Amino acid sequence: MFIIFGNKGREVTENTGQFNCPNCCAQQNITGDEKQHQYTQIKVAKYFTLFFIPIFDYKTLGRYIKCQHCNTDYNEKVLDYIPPTFEQQVASYIEQELKSGTPISMLVNKLKSQGLDNDQATSAVDNVVSGNIVTCHNCNMDFLKGVEKCSLCEGRIGN
């Protein structure tokens, strides 16, 4: 009698559920379609085989999470991911704009043109700026402290 045995790597679905996919959440922020997506938790293991048929696993090589919507693979820690709130997204946008040299008053107007009212726009910018303001001596525009060159008149800003 001839018996063929060996081992083989294999992926097996261990669990499924809902989660906040970082990739899909980034897309949802653009479209406004915020919802959780299905995931599959996959275990990668070595299996003992008999006649090329997997019989039992004897060594777990790892686990990962796969988003069923965008097919992106993640470490299991992704299940703890909480997407940023709207306020956090706005604050991040404001900080990027200010650090790139956008004058404070222009950013407030930009936020108003994107749907925030004057109080919301001013308050959101003030929360990020928190008094760290420098003024261009040539054109009197206010900038976030750390900006070295006025984006309007090209003059150097003294910090």
# chains A, B, ... in the order shown; residues from 1 in each chain; ligands from 1
$ residues_around --residues "Ile94 (chain A)" --least-positions-apart "5" --cutoff "9 Å" --atoms "only C-alpha atoms" --output "mmCIF file with N, CA and C atoms, in the first residue's frame"
data_model
loop_
_atom_site.group_PDB
_atom_site.id
_atom_site.type_symbol
_atom_site.label_atom_id
_atom_site.label_comp_id
_atom_site.auth_asym_id
_atom_site.auth_seq_id
_atom_site.Cartn_x
_atom_site.Cartn_y
_atom_site.Cartn_z
ATOM 1 N N GLN A 89 -11.706 66.228 10.461
ATOM 2 C CA GLN A 89 -11.348 66.374 9.049
ATOM 3 C C GLN A 89 -11.185 67.849 8.685
ATOM 4 N N LYS A 99 -0.496 75.868 7.004
ATOM 5 C CA LYS A 99 0.932 75.547 6.918
ATOM 6 C C LYS A 99 1.476 75.733 5.509
ATOM 7 N N LEU A 107 -8.595 81.822 4.172
ATOM 8 C CA LEU A 107 -9.072 80.485 4.527
ATOM 9 C C LEU A 107 -10.484 80.546 5.107
ATOM 10 N N LEU A 111 -13.662 78.577 3.539
ATOM 11 C CA LEU A 111 -14.556 77.694 4.301
ATOM 12 C C LEU A 111 -16.007 78.135 4.173
ATOM 13 N N ALA A 124 -13.560 77.493 13.675
ATOM 14 C CA ALA A 124 -12.739 76.351 13.258
ATOM 15 C C ALA A 124 -11.292 76.780 13.025
ATOM 16 N N VAL A 125 -11.100 77.924 12.376
ATOM 17 C CA VAL A 125 -9.742 78.432 12.121
ATOM 18 C C VAL A 125 -9.091 78.852 13.432
ATOM 19 N N VAL A 128 -7.563 76.015 15.424
ATOM 20 C CA VAL A 128 -6.282 75.519 14.907
ATOM 21 C C VAL A 128 -5.177 76.533 15.160
#
$ residues_around --residues "Pro54 (chain A)" --least-positions-apart "5" --cutoff "8 Å" --atoms "only C-alpha atoms" --output "list in words"
Asn7, Lys8, Tyr47, Phe48 and Thr49 of chain A
$ write_last_selection --atoms "N, CA and C atoms" --output "tab-separated table (two decimals), in the first residue's frame"
chain	number	residue	atom	x	y	z
A	7	ASN	N	2.44	18.47	3.67
A	7	ASN	CA	1.81	19.65	4.26
A	7	ASN	C	1.59	20.69	3.18
A	8	LYS	N	0.69	21.58	3.50
A	8	LYS	CA	0.30	22.59	2.52
A	8	LYS	C	-0.20	23.83	3.26
A	47	TYR	N	-1.30	22.92	6.89
A	47	TYR	CA	-2.16	21.77	7.10
A	47	TYR	C	-1.42	20.49	6.79
A	48	PHE	N	-1.67	19.48	7.59
A	48	PHE	CA	-1.20	18.14	7.29
A	48	PHE	C	-2.11	17.59	6.20
A	49	THR	N	-1.54	17.03	5.16
A	49	THR	CA	-2.35	16.50	4.05
A	49	THR	C	-2.15	14.99	3.93
$ closest_residue --among "A:Asn71, A:Thr102, A:Thr122, A:Asn127" --to "Phe143 (chain A)" --atoms "only C-alpha atoms"
A:Thr102
$ select_by_dssp --residues "chain A" --states "strand (DSSP E)" --output "number ranges by chain"
A: 5-19, 37-50, 53-67, 73-74, 133-135, 142-144
$ write_last_selection --atoms "N, CA and C atoms" --output "compact mmCIF listing (two decimals), in the first residue's frame"
# COMPACT_ATOMS: atom_id res chain seq x y z
N PHE A 5 1.59 11.58 2.06
CA PHE A 5 1.24 12.62 3.03
C PHE A 5 2.23 13.76 2.88
N GLY A 6 1.86 14.90 3.46
CA GLY A 6 2.72 16.09 3.38
C GLY A 6 2.07 17.24 4.10
N ASN A 7 2.44 18.47 3.67
CA ASN A 7 1.81 19.65 4.26
C ASN A 7 1.59 20.69 3.18
N LYS A 8 0.69 21.58 3.50
CA LYS A 8 0.30 22.59 2.52
C LYS A 8 -0.20 23.83 3.26
N GLY A 9 0.16 25.03 2.76
CA GLY A 9 -0.38 26.27 3.31
C GLY A 9 -1.79 26.48 2.78
N ARG A 10 -2.63 27.04 3.63
CA ARG A 10 -4.03 27.21 3.24
C ARG A 10 -4.63 28.40 3.98
N GLU A 11 -5.54 29.11 3.32
CA GLU A 11 -6.27 30.21 3.94
C GLU A 11 -7.69 29.75 4.24
N VAL A 12 -8.14 30.07 5.46
CA VAL A 12 -9.48 29.66 5.88
C VAL A 12 -10.19 30.86 6.50
N THR A 13 -11.45 31.07 6.15
CA THR A 13 -12.24 32.14 6.75
C THR A 13 -12.57 31.76 8.18
N GLU A 14 -12.20 32.64 9.12
CA GLU A 14 -12.48 32.39 10.54
C GLU A 14 -13.66 33.18 11.06
N ASN A 15 -13.85 34.40 10.51
CA ASN A 15 -14.86 35.27 11.07
C ASN A 15 -15.29 36.28 10.01
N THR A 16 -16.47 36.86 10.17
CA THR A 16 -16.94 37.94 9.31
C THR A 16 -17.63 38.97 10.20
N GLY A 17 -17.81 40.16 9.68
CA GLY A 17 -18.49 41.19 10.44
C GLY A 17 -18.44 42.53 9.73
N GLN A 18 -18.79 43.58 10.46
CA GLN A 18 -18.79 44.95 9.95
C GLN A 18 -17.61 45.70 10.55
N PHE A 19 -16.98 46.58 9.76
CA PHE A 19 -15.89 47.40 10.26
C PHE A 19 -15.78 48.68 9.46
N HIS A 37 -18.48 48.50 6.32
CA HIS A 37 -18.43 47.48 5.28
C HIS A 37 -18.17 46.11 5.88
N GLN A 38 -18.50 45.10 5.11
CA GLN A 38 -18.26 43.72 5.53
C GLN A 38 -16.78 43.39 5.45
N TYR A 39 -16.31 42.63 6.42
CA TYR A 39 -14.94 42.13 6.37
C TYR A 39 -14.95 40.62 6.56
N THR A 40 -13.86 40.00 6.14
CA THR A 40 -13.61 38.59 6.39
C THR A 40 -12.28 38.49 7.10
N GLN A 41 -12.25 37.75 8.22
CA GLN A 41 -10.99 37.49 8.92
C GLN A 41 -10.48 36.14 8.42
N ILE A 42 -9.26 36.16 7.90
CA ILE A 42 -8.71 34.96 7.27
C ILE A 42 -7.50 34.47 8.06
N LYS A 43 -7.49 33.17 8.32
CA LYS A 43 -6.35 32.54 9.00
C LYS A 43 -5.52 31.82 7.95
N VAL A 44 -4.21 32.06 8.00
CA VAL A 44 -3.28 31.36 7.12
C VAL A 44 -2.57 30.32 7.98
N ALA A 45 -2.65 29.05 7.58
CA ALA A 45 -2.08 27.98 8.40
C ALA A 45 -1.48 26.89 7.52
N LYS A 46 -0.61 26.10 8.12
CA LYS A 46 -0.06 24.90 7.48
C LYS A 46 -0.95 23.72 7.87
N TYR A 47 -1.30 22.92 6.89
CA TYR A 47 -2.16 21.77 7.10
C TYR A 47 -1.42 20.49 6.79
N PHE A 48 -1.67 19.48 7.59
CA PHE A 48 -1.20 18.14 7.29
C PHE A 48 -2.11 17.59 6.20
N THR A 49 -1.54 17.03 5.16
CA THR A 49 -2.35 16.50 4.05
C THR A 49 -2.15 14.99 3.93
N LEU A 50 -3.19 14.34 3.54
CA LEU A 50 -3.17 12.91 3.25
C LEU A 50 -3.80 12.72 1.88
N ILE A 53 -5.15 15.90 0.45
CA ILE A 53 -6.36 16.48 1.06
C ILE A 53 -5.97 17.03 2.43
N PRO A 54 -6.25 18.33 2.69
CA PRO A 54 -5.92 18.89 4.00
C PRO A 54 -6.75 18.19 5.10
N ILE A 55 -6.06 17.71 6.12
CA ILE A 55 -6.75 16.99 7.19
C ILE A 55 -6.92 17.88 8.43
N PHE A 56 -5.81 18.44 8.92
CA PHE A 56 -5.89 19.32 10.09
C PHE A 56 -4.75 20.33 10.03
N ASP A 57 -4.97 21.49 10.67
CA ASP A 57 -3.90 22.48 10.70
C ASP A 57 -3.01 22.20 11.91
N TYR A 58 -1.73 22.45 11.75
CA TYR A 58 -0.79 22.22 12.85
C TYR A 58 0.07 23.45 13.15
N LYS A 59 -0.02 24.47 12.32
CA LYS A 59 0.75 25.69 12.59
C LYS A 59 0.04 26.89 11.96
N THR A 60 -0.31 27.86 12.82
CA THR A 60 -0.92 29.09 12.32
C THR A 60 0.20 30.04 11.91
N LEU A 61 0.16 30.50 10.67
CA LEU A 61 1.17 31.41 10.15
C LEU A 61 0.78 32.87 10.36
N GLY A 62 -0.51 33.15 10.46
CA GLY A 62 -0.98 34.52 10.68
C GLY A 62 -2.44 34.67 10.35
N ARG A 63 -2.93 35.87 10.59
CA ARG A 63 -4.32 36.20 10.27
C ARG A 63 -4.33 37.59 9.65
N TYR A 64 -5.33 37.86 8.83
CA TYR A 64 -5.49 39.20 8.28
C TYR A 64 -6.96 39.45 8.00
N ILE A 65 -7.28 40.72 7.80
CA ILE A 65 -8.64 41.17 7.54
C ILE A 65 -8.73 41.61 6.08
N LYS A 66 -9.78 41.20 5.39
CA LYS A 66 -10.00 41.60 4.00
C LYS A 66 -11.34 42.32 3.92
N CYS A 67 -11.31 43.55 3.38
CA CYS A 67 -12.54 44.31 3.16
C CYS A 67 -13.26 43.69 1.97
N ASP A 73 -6.38 44.27 2.00
CA ASP A 73 -6.00 43.44 3.14
C ASP A 73 -5.39 44.30 4.24
N TYR A 74 -5.71 43.96 5.50
CA TYR A 74 -5.24 44.73 6.65
C TYR A 74 -4.77 43.80 7.77
N ILE A 133 -0.22 83.67 15.53
CA ILE A 133 -0.40 84.47 14.32
C ILE A 133 0.81 85.37 14.08
N VAL A 134 1.21 85.47 12.83
CA VAL A 134 2.23 86.44 12.42
C VAL A 134 1.62 87.26 11.28
N THR A 135 2.07 88.51 11.16
CA THR A 135 1.52 89.41 10.17
C THR A 135 2.60 89.81 9.16
N ASP A 142 -2.61 88.20 7.90
CA ASP A 142 -2.24 87.34 9.03
C ASP A 142 -2.04 85.91 8.54
N PHE A 143 -1.00 85.25 9.10
CA PHE A 143 -0.66 83.87 8.75
C PHE A 143 -0.43 83.08 10.03
N LEU A 144 -0.41 81.76 9.90
CA LEU A 144 -0.06 80.88 11.00
C LEU A 144 1.42 81.05 11.30
$ atom_distance --atom1 "CA of Cys70 (chain A)" --atom2 "CA of Cys25 (chain A)"
10.7 Å
$ closest_residue --among "A:Gln88, A:Asn132, A:Ser105, A:Gln68" --to "Gly146 (chain A)" --atoms "only C-alpha atoms"
A:Asn132
$ closest_residue --among "A:Val129, A:Val108, A:Leu98, A:Ala121" --to "Glu148 (chain A)" --atoms "only C-alpha atoms"
A:Leu98
$ select_by_dssp --residues "region 8-156 of chain A" --states "helix (DSSP H, G or I)" --output "MDAnalysis selection string"
chainID A and resid 22:31 76:80 86:99 104:113 118:129
